[in-house]
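What follows is the content of work34.tsv, which has TSV, C-alpha atoms:
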chain	number	residue	atom	x	y	z
Z	1	MET	CA	-1.58	-19.28	-70.22
Z	2	ASN	CA	-4.14	-20.55	-72.73
Z	3	ASP	CA	-5.61	-17.73	-74.78
Z	4	ILE	CA	-9.31	-18.49	-74.50
Z	5	SER	CA	-12.29	-16.50	-75.73
Z	6	ILE	CA	-14.43	-14.32	-73.48
Z	7	LYS	CA	-17.34	-16.72	-74.06
Z	8	THR	CA	-15.25	-19.70	-72.90
Z	9	ALA	CA	-14.05	-17.73	-69.89
Z	10	TYR	CA	-17.68	-16.92	-69.00
Z	11	ASP	CA	-18.75	-20.56	-69.38
Z	12	LEU	CA	-15.88	-21.75	-67.18
Z	13	PHE	CA	-16.73	-19.21	-64.48
Z	14	ILE	CA	-20.44	-20.08	-64.42
Z	15	PHE	CA	-19.64	-23.80	-64.26
Z	16	ASP	CA	-17.31	-23.16	-61.33
Z	17	ARG	CA	-19.98	-21.15	-59.46
Z	18	GLN	CA	-22.56	-23.89	-60.05
Z	19	THR	CA	-20.51	-26.22	-57.87
Z	20	PHE	CA	-21.20	-24.21	-54.71
Z	21	CYS	CA	-23.48	-21.20	-55.31
Z	22	SER	CA	-27.26	-21.12	-54.99
Z	23	GLU	CA	-29.47	-21.01	-58.07
Z	24	SER	CA	-30.40	-17.38	-57.44
Z	25	THR	CA	-26.73	-16.41	-57.16
Z	26	ILE	CA	-25.97	-18.16	-60.45
Z	27	VAL	CA	-28.79	-16.31	-62.17
Z	28	ASN	CA	-27.48	-13.04	-60.76
Z	29	TYR	CA	-23.99	-13.71	-62.16
Z	30	GLN	CA	-25.46	-14.65	-65.53
Z	31	ASN	CA	-27.45	-11.43	-65.69
Z	32	THR	CA	-24.76	-9.00	-64.54
Z	33	LEU	CA	-22.01	-10.55	-66.65
Z	34	ARG	CA	-24.30	-10.61	-69.68
Z	35	TYR	CA	-24.43	-6.80	-69.54
Z	36	PHE	CA	-20.63	-6.72	-69.74
Z	37	MET	CA	-20.56	-9.27	-72.58
Z	38	ASP	CA	-23.14	-7.27	-74.54
Z	39	TYR	CA	-21.09	-4.11	-74.03
Z	40	LEU	CA	-17.93	-5.81	-75.31
Z	41	ALA	CA	-19.71	-7.23	-78.37
Z	42	GLU	CA	-21.12	-3.82	-79.27
Z	43	SER	CA	-18.00	-1.76	-78.57
Z	44	ARG	CA	-15.69	-4.20	-80.39
Z	45	ASP	CA	-18.22	-4.98	-83.14
Z	46	CYS	CA	-17.71	-8.73	-82.81
Z	47	THR	CA	-19.09	-11.72	-80.93
Z	48	ILE	CA	-17.69	-12.75	-77.56
Z	49	ASP	CA	-16.80	-16.10	-79.19
Z	50	ASP	CA	-14.34	-14.22	-81.42
Z	51	LEU	CA	-12.95	-11.90	-78.73
Z	52	LYS	CA	-9.92	-13.32	-76.95
Z	53	LEU	CA	-9.27	-12.80	-73.27
Z	54	SER	CA	-5.79	-11.49	-74.05
Z	55	GLU	CA	-7.33	-8.63	-76.05
Z	56	LEU	CA	-9.00	-7.15	-72.98
Z	57	SER	CA	-7.47	-4.61	-70.60
Z	58	SER	CA	-8.46	-2.74	-67.47
Z	59	GLY	CA	-9.38	0.10	-69.83
Z	60	ASP	CA	-12.27	-1.97	-71.24
Z	61	ILE	CA	-13.60	-2.51	-67.73
Z	62	LYS	CA	-13.29	1.19	-66.83
Z	63	ARG	CA	-15.09	2.25	-69.99
Z	64	TYR	CA	-17.85	-0.26	-69.24
Z	65	ILE	CA	-18.30	1.19	-65.74
Z	66	VAL	CA	-18.51	4.69	-67.22
Z	67	SER	CA	-21.22	3.42	-69.60
Z	68	LEU	CA	-23.16	2.05	-66.63
Z	69	ARG	CA	-23.26	5.51	-65.09
Z	70	GLN	CA	-25.07	6.73	-68.21
Z	71	ARG	CA	-27.47	3.80	-68.51
Z	72	GLN	CA	-31.13	4.05	-67.57
Z	73	ALA	CA	-32.57	1.68	-64.99
Z	74	ASN	CA	-34.52	-1.21	-66.60
Z	75	ALA	CA	-33.07	-0.23	-70.00
Z	76	VAL	CA	-32.80	-3.89	-71.05
Z	77	HIS	CA	-35.71	-5.29	-69.04
Z	78	PRO	CA	-38.31	-7.01	-71.27
Z	79	LEU	CA	-41.31	-5.93	-69.18
Z	80	LYS	CA	-40.42	-2.82	-67.17
Z	81	LYS	CA	-40.16	0.72	-68.51
Z	82	ALA	CA	-36.77	2.42	-68.46
Z	83	LYS	CA	-36.57	5.14	-65.83
Z	84	GLY	CA	-33.83	7.29	-64.35
Z	85	LYS	CA	-30.15	6.37	-64.07
Z	86	LEU	CA	-28.79	3.22	-62.47
Z	87	SER	CA	-28.18	3.74	-58.77
Z	88	GLN	CA	-24.66	3.74	-57.41
Z	89	ARG	CA	-25.53	0.59	-55.46
Z	90	THR	CA	-26.54	-1.21	-58.68
Z	91	ILE	CA	-23.36	-0.10	-60.46
Z	92	ARG	CA	-21.34	-1.26	-57.48
Z	93	ASN	CA	-23.05	-4.67	-57.50
Z	94	TYR	CA	-22.36	-5.14	-61.23
Z	95	THR	CA	-18.74	-4.11	-60.72
Z	96	VAL	CA	-18.20	-6.42	-57.75
Z	97	ASP	CA	-19.51	-9.37	-59.81
Z	98	LEU	CA	-17.12	-8.41	-62.60
Z	99	LYS	CA	-14.23	-8.30	-60.13
Z	100	THR	CA	-15.18	-11.79	-58.92
Z	101	PHE	CA	-15.19	-13.01	-62.53
Z	102	PHE	CA	-11.73	-11.66	-63.34
Z	103	SER	CA	-10.31	-12.76	-59.98
Z	104	TYR	CA	-11.42	-16.31	-60.78
Z	105	LEU	CA	-9.74	-16.17	-64.20
Z	106	ALA	CA	-6.52	-14.87	-62.65
Z	107	ASP	CA	-6.57	-17.51	-59.88
Z	108	GLU	CA	-7.00	-20.23	-62.50
Z	109	GLU	CA	-4.16	-18.65	-64.52
Z	110	TYR	CA	-6.20	-18.03	-67.65
Z	111	CYS	CA	-4.96	-14.44	-67.66
Z	112	ASP	CA	-3.43	-11.72	-65.53
Z	113	ASN	CA	-5.92	-9.93	-63.31
Z	114	LYS	CA	-7.58	-7.50	-65.71
Z	115	PHE	CA	-9.31	-5.83	-62.77
Z	116	SER	CA	-6.05	-4.60	-61.29
Z	117	GLY	CA	-6.16	-0.83	-60.91
Z	118	VAL	CA	-9.96	-0.62	-61.26
Z	119	ARG	CA	-11.65	1.11	-58.33
Z	120	ILE	CA	-15.13	0.16	-57.18
Z	121	ILE	CA	-17.68	2.94	-56.79
Z	122	LYS	CA	-19.04	3.54	-53.30
Z	123	ALA	CA	-22.73	2.77	-52.81
Z	124	GLU	CA	-25.11	5.44	-51.58
Z	125	ARG	CA	-25.96	5.22	-47.91
Z	126	LYS	CA	-29.74	5.31	-47.86
Z	127	MET	CA	-31.49	5.78	-44.55
Z	128	ILE	CA	-33.46	2.69	-43.58
Z	129	ILE	CA	-36.99	3.58	-42.50
Z	130	PRO	CA	-38.49	0.51	-40.78
Z	131	LEU	CA	-42.17	-0.28	-40.84
Z	132	PHE	CA	-44.17	1.20	-37.99
Z	133	LEU	CA	-46.94	-0.50	-36.05
Z	134	ASP	CA	-49.78	1.21	-37.92
Z	135	GLU	CA	-48.24	0.20	-41.27
Z	136	ILE	CA	-47.96	-3.43	-40.18
Z	137	GLU	CA	-51.60	-3.33	-39.05
Z	138	THR	CA	-52.51	-2.00	-42.52
Z	139	LEU	CA	-50.62	-4.89	-44.12
Z	140	ASP	CA	-52.23	-7.51	-41.89
Z	141	LYS	CA	-55.70	-6.36	-42.90
Z	142	LEU	CA	-54.90	-7.48	-46.46
Z	143	PHE	CA	-54.65	-11.15	-45.43
Z	144	ASN	CA	-57.69	-13.39	-45.12
Z	145	LEU	CA	-56.49	-15.97	-42.61
Z	146	LYS	CA	-59.50	-18.16	-43.35
Z	147	THR	CA	-58.18	-18.99	-46.83
Z	148	SER	CA	-55.17	-21.06	-47.87
Z	149	SER	CA	-53.43	-18.28	-49.82
Z	150	GLY	CA	-54.23	-15.65	-47.20
Z	151	CYS	CA	-52.84	-17.72	-44.34
Z	152	ARG	CA	-49.79	-18.72	-46.40
Z	153	ASN	CA	-49.00	-15.13	-47.40
Z	154	TYR	CA	-49.41	-13.91	-43.83
Z	155	CYS	CA	-46.96	-16.57	-42.60
Z	156	MET	CA	-44.37	-15.72	-45.26
Z	157	VAL	CA	-44.52	-12.01	-44.50
Z	158	HIS	CA	-44.35	-12.54	-40.74
Z	159	LEU	CA	-41.42	-14.93	-40.96
Z	160	MET	CA	-39.44	-11.98	-42.32
Z	161	LEU	CA	-40.97	-9.57	-39.83
Z	162	GLU	CA	-41.03	-11.69	-36.65
Z	163	ALA	CA	-38.02	-13.95	-37.27
Z	164	GLY	CA	-35.82	-11.85	-39.56
Z	165	LEU	CA	-35.66	-14.44	-42.35
Z	166	ARG	CA	-34.42	-13.54	-45.81
Z	167	PHE	CA	-36.71	-13.72	-48.85
Z	168	ASN	CA	-35.21	-16.99	-50.14
Z	169	GLU	CA	-34.96	-18.51	-46.67
Z	170	VAL	CA	-38.73	-18.25	-46.41
Z	171	ARG	CA	-39.17	-19.91	-49.81
Z	172	SER	CA	-36.90	-22.83	-48.91
Z	173	LEU	CA	-38.17	-23.38	-45.35
Z	174	ARG	CA	-39.18	-27.01	-44.79
Z	175	CYS	CA	-41.77	-28.55	-42.49
Z	176	GLN	CA	-39.06	-30.27	-40.45
Z	177	ASP	CA	-37.36	-26.90	-39.88
Z	178	VAL	CA	-40.17	-25.71	-37.60
Z	179	ASN	CA	-40.19	-27.14	-34.06
Z	180	PHE	CA	-43.54	-26.30	-32.50
Z	181	ALA	CA	-42.86	-28.09	-29.21
Z	182	ASN	CA	-39.71	-26.11	-28.42
Z	183	ARG	CA	-40.70	-22.96	-30.32
Z	184	TYR	CA	-37.80	-22.50	-32.70
Z	185	ILE	CA	-37.12	-22.31	-36.44
Z	186	HIS	CA	-34.06	-23.93	-37.99
Z	187	VAL	CA	-32.76	-21.91	-40.95
Z	188	VAL	CA	-30.25	-23.00	-43.57
Z	189	TYR	CA	-28.83	-20.11	-45.60
Z	190	SER	CA	-27.77	-21.08	-49.11
Z	191	LYS	CA	-24.54	-19.05	-49.07
Z	192	GLY	CA	-22.01	-21.36	-47.49
Z	193	ASN	CA	-24.78	-23.63	-46.25
Z	194	LYS	CA	-24.82	-21.72	-42.94
Z	195	GLU	CA	-27.31	-22.70	-40.27
Z	196	ARG	CA	-28.91	-20.86	-37.39
Z	197	THR	CA	-31.76	-21.32	-34.92
Z	198	ILE	CA	-34.33	-18.58	-34.27
Z	199	PRO	CA	-36.93	-18.40	-31.48
Z	200	MET	CA	-40.52	-18.58	-32.72
Z	201	ALA	CA	-43.00	-15.92	-31.63
Z	202	SER	CA	-46.34	-17.13	-30.25
Z	203	SER	CA	-48.40	-15.50	-33.02
Z	204	LEU	CA	-46.08	-16.92	-35.68
Z	205	LYS	CA	-46.28	-20.39	-34.17
Z	206	LYS	CA	-50.08	-20.24	-34.28
Z	207	SER	CA	-50.31	-19.06	-37.89
Z	208	ILE	CA	-47.71	-21.51	-39.27
Z	209	TYR	CA	-49.34	-24.40	-37.42
Z	210	SER	CA	-52.71	-23.40	-38.88
Z	211	TYR	CA	-51.33	-23.21	-42.43
Z	212	ILE	CA	-49.54	-26.58	-42.26
Z	213	HIS	CA	-52.31	-28.54	-40.58
Z	214	VAL	CA	-55.42	-26.88	-42.03
Z	215	PHE	CA	-54.59	-25.43	-45.45
Z	216	ARG	CA	-51.37	-26.93	-46.82
Z	217	SER	CA	-51.78	-29.52	-49.59
Z	218	ILE	CA	-50.59	-33.10	-49.13
Z	219	THR	CA	-47.54	-33.32	-51.34
Z	220	LYS	CA	-44.17	-34.98	-51.71
Z	221	SER	CA	-42.43	-31.63	-51.27
Z	222	ASP	CA	-40.86	-30.83	-47.89
Z	223	ASN	CA	-41.24	-27.09	-48.48
Z	224	ILE	CA	-43.80	-25.47	-46.22
Z	225	PHE	CA	-45.09	-22.88	-48.67
Z	226	LEU	CA	-46.76	-24.20	-51.79
Z	227	ASP	CA	-48.59	-22.73	-54.75
Z	228	GLN	CA	-52.08	-23.76	-55.85
Z	229	ASN	CA	-50.61	-26.75	-57.73
Z	230	GLY	CA	-48.87	-28.12	-54.66
Z	231	GLU	CA	-45.42	-27.06	-55.88
Z	232	PRO	CA	-42.94	-24.98	-53.81
Z	233	ILE	CA	-43.78	-21.31	-54.22
Z	234	SER	CA	-41.58	-19.65	-56.80
Z	235	GLU	CA	-39.48	-16.52	-56.51
Z	236	ASN	CA	-41.66	-14.77	-59.11
Z	237	ALA	CA	-44.82	-15.63	-57.18
Z	238	MET	CA	-43.40	-14.03	-54.04
Z	239	LYS	CA	-42.28	-10.96	-55.97
Z	240	SER	CA	-45.79	-10.64	-57.40
Z	241	LEU	CA	-47.21	-10.93	-53.88
Z	242	PHE	CA	-45.09	-8.03	-52.64
Z	243	ALA	CA	-45.97	-5.93	-55.67
Z	244	ARG	CA	-49.66	-6.39	-54.81
Z	245	LEU	CA	-49.10	-5.68	-51.11
Z	246	LYS	CA	-47.18	-2.52	-51.94
Z	247	LYS	CA	-49.95	-1.25	-54.19
Z	248	ARG	CA	-52.84	-2.19	-51.90
Z	249	SER	CA	-51.23	-0.96	-48.67
Z	250	GLY	CA	-49.98	2.31	-50.12
Z	251	ILE	CA	-46.59	1.75	-48.47
Z	252	ASP	CA	-44.31	2.83	-51.33
Z	253	ARG	CA	-41.06	1.73	-49.65
Z	254	LEU	CA	-42.32	-1.81	-48.99
Z	255	HIS	CA	-40.08	-4.63	-50.16
Z	256	PRO	CA	-39.21	-8.04	-48.64
Z	257	HIS	CA	-35.94	-6.95	-47.03
Z	258	LEU	CA	-37.67	-4.04	-45.27
Z	259	LEU	CA	-39.44	-6.62	-43.08
Z	260	ARG	CA	-36.06	-8.02	-42.04
Z	261	HIS	CA	-34.83	-4.46	-41.40
Z	262	THR	CA	-37.87	-3.88	-39.18
Z	263	PHE	CA	-37.14	-7.05	-37.21
Z	264	ALA	CA	-33.53	-5.95	-36.64
Z	265	THR	CA	-34.42	-2.38	-35.70
Z	266	SER	CA	-37.09	-3.54	-33.26
Z	267	TYR	CA	-34.68	-5.99	-31.66
Z	268	ILE	CA	-32.08	-3.29	-30.98
Z	269	MET	CA	-34.67	-0.72	-29.84
Z	270	SER	CA	-35.96	-3.16	-27.24
Z	271	GLY	CA	-32.50	-3.66	-25.76
Z	272	GLY	CA	-31.14	-6.60	-27.72
Z	273	SER	CA	-27.38	-6.89	-28.20
Z	274	VAL	CA	-25.72	-6.34	-31.58
Z	275	GLU	CA	-23.81	-9.63	-31.32
Z	276	MET	CA	-26.98	-11.62	-30.64
Z	277	LEU	CA	-28.70	-9.83	-33.54
Z	278	ARG	CA	-25.79	-10.78	-35.79
Z	279	ILE	CA	-26.39	-14.43	-34.92
Z	280	LEU	CA	-30.16	-14.16	-35.40
Z	281	LEU	CA	-29.77	-12.50	-38.81
Z	282	GLY	CA	-27.01	-14.86	-39.94
Z	283	HIS	CA	-24.51	-12.08	-40.66
Z	284	GLU	CA	-20.89	-13.13	-40.98
Z	285	SER	CA	-19.52	-9.73	-39.99
Z	286	ILE	CA	-20.59	-7.63	-37.02
Z	287	GLU	CA	-20.05	-4.52	-39.18
Z	288	THR	CA	-23.06	-5.48	-41.30
Z	289	THR	CA	-25.22	-5.64	-38.18
Z	290	GLN	CA	-24.00	-2.43	-36.56
Z	291	LYS	CA	-25.90	-0.22	-39.03
Z	292	TYR	CA	-29.07	-1.04	-37.08
Z	293	MET	CA	-27.67	0.72	-34.00
Z	294	HIS	CA	-27.92	4.04	-35.85
Z	295	VAL	CA	-31.41	3.31	-37.17
Z	296	ALA	CA	-32.63	2.30	-33.72
Z	297	THR	CA	-31.21	5.48	-32.17
Z	298	VAL	CA	-32.88	7.71	-34.76
Z	299	TYR	CA	-36.30	6.10	-34.22
Z	300	SER	CA	-36.11	5.63	-30.46
Z	301	PHE	CA	-38.35	8.70	-29.92
Z	302	LYS	CA	-41.23	7.21	-31.93
Z	303	ASP	CA	-44.28	5.88	-30.08
Z	304	ASN	CA	-45.66	3.54	-32.74
Z	305	VAL	CA	-42.62	1.29	-33.21
Z	306	TYR	CA	-43.09	-2.41	-33.81
Z	307	THR	CA	-42.25	-4.64	-30.83
Z	308	LEU	CA	-41.01	-8.21	-31.10
Z	309	ASP	CA	-42.28	-11.16	-29.06
Z	310	PRO	CA	-40.82	-11.31	-25.50
Z	311	ILE	CA	-39.20	-14.66	-26.34
Z	312	PHE	CA	-36.36	-12.72	-27.98
Z	313	TYR	CA	-35.50	-11.01	-24.71
Z	314	SER	CA	-35.54	-13.97	-22.34
Z	315	GLY	CA	-32.29	-14.64	-20.51
Z	316	LYS	CA	-31.41	-17.67	-22.63
Z	317	VAL	CA	-31.82	-15.83	-25.92
Z	318	HIS	CA	-30.79	-12.28	-25.13
Z	319	ARG	CA	-27.52	-12.96	-23.37
Here is a file; write its structure as structure tokens.
Amino acid sequence: MNDISIKTAYDLFIFDRQTFCSESTIVNYQNTLRYFMDYLAESRDCTIDDLKLSELSSGDIKRYIVSLRQRQANAVHPLKKAKGKLSQRTIRNYTVDLKTFFSYLADEEYCDNKFSGVRIIKAERKMIIPLFLDEIETLDKLFNLKTSSGCRNYCMVHLMLEAGLRFNEVRSLRCQDVNFANRYIHVVYSKGNKERTIPMASSLKKSIYSYIHVFRSITKSDNIFLDQNGEPISENAMKSLFARLKKRSGIDRLHPHLLRHTFATSYIMSGGSVEMLRILLGHESIETTQKYMHVATVYSFKDNVYTLDPIFYSGKVHR
């Protein structure tokens, strides 16, 4: 085995991920691994260029995880104020990325698996509270459908709510992915380049058609959703949108993925099958989808639940 530095090991890993991972996944690896690199540099009082891979042990990883349990959330964020401790879910995510990093190094025979013997913390199981009909009505009142930005924002939100799309799937949706004649949306998920087809609700069809043909700028970009300069809408712009919606609506638990949760819960509550929901959501494992069975059961007694378009329960789609 070649005794390389931690910095070289990091560079090799990131280069490898760039061959098949999405840009957002790469950025996530860069951020989470940077926390580990900073910890090593501080605890060893040296740069990661000087620290050899052979000098690390599983003990370094365990001590790093212990340090995470004492760290405040947003402690190293340039704009946000530090508050509270990191959640168990966040610590788990950082640790899983670290395991992936060391597994890669072991597979490529740069070192033995330093992660051997390190246990990954269990994430908290937080109860998912979907959006209710009155909350969605409150949200919809914030959109002016007679303006370009208002119609665009409404479409983006309702693609998550009425079609179960992920945040980044909405951003990357192209004009050719929407088939108005046959009422379906073709979705390509960046992880593994997986594809799926989702029925398009009548109200969603109307609003997307209006945005594309009335408000959308003429541009070389295939992306449906554009900013005021005619460029594909950025991740930061969408995050800013949801921050504004959260503040103006007063719905403190609002975040992009909650819309997808609401779609899934509504689908199950209206009699949809878990296997069909798995396909609609693009989940690889049925276990990921089954959590919505519990949520749907808990909220089945509520009167003001959100109901999906009947197209999802037609014989061709439901069975």
Per-residue nearest contacts of stretch 201-276 of chain Z to stretch 128-147 of chain Z (9 Å; only C-alpha atoms) as JSON lines:
{"residue": "Z:Ser207", "atom": "CA", "partner": "Z:Leu145", "partner_atom": "CA", "distance": 8.4}
{"residue": "Z:Tyr211", "atom": "CA", "partner": "Z:Leu145", "partner_atom": "CA", "distance": 8.9}
{"residue": "Z:Phe215", "atom": "CA", "partner": "Z:Thr147", "partner_atom": "CA", "distance": 7.5}
{"residue": "Z:Leu245", "atom": "CA", "partner": "Z:Leu139", "partner_atom": "CA", "distance": 7.2}
{"residue": "Z:Lys246", "atom": "CA", "partner": "Z:Leu139", "partner_atom": "CA", "distance": 8.9}
{"residue": "Z:Arg248", "atom": "CA", "partner": "Z:Leu142", "partner_atom": "CA", "distance": 7.9}
{"residue": "Z:Ser249", "atom": "CA", "partner": "Z:Leu139", "partner_atom": "CA", "distance": 6.0}
{"residue": "Z:Ile251", "atom": "CA", "partner": "Z:Glu135", "partner_atom": "CA", "distance": 7.5}
{"residue": "Z:Arg253", "atom": "CA", "partner": "Z:Ile129", "partner_atom": "CA", "distance": 8.4}
{"residue": "Z:Leu254", "atom": "CA", "partner": "Z:Leu131", "partner_atom": "CA", "distance": 8.3}
{"residue": "Z:Leu258", "atom": "CA", "partner": "Z:Pro130", "partner_atom": "CA", "distance": 6.4}
{"residue": "Z:Leu259", "atom": "CA", "partner": "Z:Leu131", "partner_atom": "CA", "distance": 7.3}
{"residue": "Z:Arg260", "atom": "CA", "partner": "Z:Pro130", "partner_atom": "CA", "distance": 9.0}
{"residue": "Z:His261", "atom": "CA", "partner": "Z:Pro130", "partner_atom": "CA", "distance": 6.2}
{"residue": "Z:Thr262", "atom": "CA", "partner": "Z:Pro130", "partner_atom": "CA", "distance": 4.7}
{"residue": "Z:Phe263", "atom": "CA", "partner": "Z:Pro130", "partner_atom": "CA", "distance": 8.5}
{"residue": "Z:Thr265", "atom": "CA", "partner": "Z:Pro130", "partner_atom": "CA", "distance": 7.1}
{"residue": "Z:Ser266", "atom": "CA", "partner": "Z:Pro130", "partner_atom": "CA", "distance": 8.7}
- Task: Point out the residue among Z:Arg69, Z:Tyr104, Z:Val118, Z:Met200 with the least atom-to-atom distance to Z:Gly84, counting all atoms listed in the file.
- Result: Z:Arg69
Write out as a PDB file with C-alpha atoms, keeping the file's coordinate frame each polymer residue whose atoms come within 6 Å of Z:Ala201, counting only C-alpha atoms; drop sequence neighbours fewer than 2 positions from it.
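Contents of part-v9.pdb, as written:
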ATOM      1  CA  SER Z 203     -48.400 -15.500 -33.020  1.00  0.00           C
ATOM      2  CA  LEU Z 204     -46.080 -16.920 -35.680  1.00  0.00           C
ATOM      3  CA  ASP Z 309     -42.280 -11.160 -29.060  1.00  0.00           C
TER       4      ASP Z 309
END
Axis-aligned box for stretch 17-36 of chain Z, 3 Å per side, centre and edges in Å as lines of an AutoDock Vina configuration file:
center_x = -25.2
center_y = -16.5
center_z = -62.2
size_x = 16.4
size_y = 25.5
size_z = 21.0
- Pick out the closest residue to Z:Tyr184 from this set: Z:Leu241, Z:Leu280, Z:Phe102, Z:Ala123. Count all atoms listed in the file.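 Nearest candidate to Z:Tyr184 out of Z:Leu241, Z:Leu280, Z:Phe102, Z:Ala123: Z:Leu280.
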- Rounded to one decimal in Å, what is the spacing between atom CA of Z:Arg278 and atom CA of Z:Ile121?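 It comes out at 26.4 Å.
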- Message: Within 6 Å of (-43.5, -22.7, -34.4) (file coordinates; all atoms listed in the file), which protein or nucleic acid residues are there? I'd like them as an NGL selection string.
- Response: :Z and (178-180 or 183-184 or 200 or 205)
- Message: One number please: atom CA of Z:Phe13 to atom CA of Z:Lys85, in Å, one decimal.
- Response: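 So the answer is 28.9 Å.
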- Could you please determine the separation between atom CA of Z:Ile208 and atom CA of Z:Cys155 in Å, to one decimal place?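 Atom-to-atom, atom CA of Z:Ile208 to atom CA of Z:Cys155, that is 6.0 Å.
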- Item | Contacts of stretch 86-98 of chain Z at 12 Å (all atoms listed in the file; same-chain gap of 3+ positions) as a ChimeraX atom specification | /Z:10,13-14,17,25-37,58,60-76,82-83,101-105,113-116,118-126
- Surrounding residues of Z:Met160 excluding itself and chain neighbours under 3 positions, 8 Å, all atoms listed in the file, as a PyMOL selection string: chain Z and resi 156-157+163-167+170+256-257+259-260+263
- Task: Would you mind telling me which residue in Z:Ala106, Z:Leu12, Z:Ile6, Z:Cys111 lies nearest to Z:Leu51 when using all atoms listed in the file?
- Result: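 Once distances to Z:Leu51 are computed over all atoms listed in the file, the minimum belongs to Z:Ile6.
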- Item | From Z:Val274, Z:Phe15, Z:Tyr299, Z:Glu195, residue lying nearest Z:Glu287 [all atoms listed in the file] |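 That would be Z:Val274, the residue with the smallest distance to Z:Glu287.
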- With all atoms listed in the file as the basis for distance, which of Z:Leu40, Z:Leu281, Z:Leu56, Z:Cys175 is at the shortest distance from Z:Thr219?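 When distances to Z:Thr219 are compared using all atoms listed in the file, the smallest one comes from Z:Cys175.
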- Task: Rank Z:Leu161, Z:Cys21, Z:Cys46, Z:Leu308 by their smallest atom-to-atom distance to Z:Ser5, using only C-alpha atoms, and report the top residue only.
- Result: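 Selected residue with least distance to Z:Ser5: Z:Cys46.
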- Task: Around the point (-33.9, 3.2, -33.0) in the file's coordinates, collect all residues with an atom within 9 Å, using all atoms listed in the file, and return them as a list of chain:residue names.
- Result: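 Here the neighbourhood of the point contains Z:Thr265, Z:Ser266, Z:Ile268, Z:Met269, Z:Ser270, Z:Tyr292, Z:Met293, Z:His294, Z:Val295, Z:Ala296, Z:Thr297, Z:Val298, Z:Tyr299, Z:Ser300, Z:Phe301, Z:Lys302, Z:Val305.
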- Item | Residue neighbourhood Z:Met238, 12 Å, all atoms listed in the file, exclusion window fewer than 4 positions, as a ChimeraX atom specification | /Z:149,152-154,156-157,167-168,170-171,225-227,232-234,242-245,255-256
- Contacts of Z:Asp177 at 10 Å or less, counting all atoms listed in the file, minus same-chain residues fewer than 2 places along, as a ChimeraX atom specification? /Z:172-175,179-180,184-188,197,222-224
Kindly save the residues from that selection, with C-alpha atoms included, as a short mmCIF file (atom, residue, chain, number, x, y, z; two decimals), in the frame of the given file.
data_model
loop_
_atom_site.label_atom_id
_atom_site.label_comp_id
_atom_site.auth_asym_id
_atom_site.auth_seq_id
_atom_site.Cartn_x
_atom_site.Cartn_y
_atom_site.Cartn_z
CA SER Z 172 -36.90 -22.83 -48.91
CA LEU Z 173 -38.17 -23.38 -45.35
CA ARG Z 174 -39.18 -27.01 -44.79
CA CYS Z 175 -41.77 -28.55 -42.49
CA ASN Z 179 -40.19 -27.14 -34.06
CA PHE Z 180 -43.54 -26.30 -32.50
CA TYR Z 184 -37.80 -22.50 -32.70
CA ILE Z 185 -37.12 -22.31 -36.44
CA HIS Z 186 -34.06 -23.93 -37.99
CA VAL Z 187 -32.76 -21.91 -40.95
CA VAL Z 188 -30.25 -23.00 -43.57
CA THR Z 197 -31.76 -21.32 -34.92
CA ASP Z 222 -40.86 -30.83 -47.89
CA ASN Z 223 -41.24 -27.09 -48.48
CA ILE Z 224 -43.80 -25.47 -46.22
#
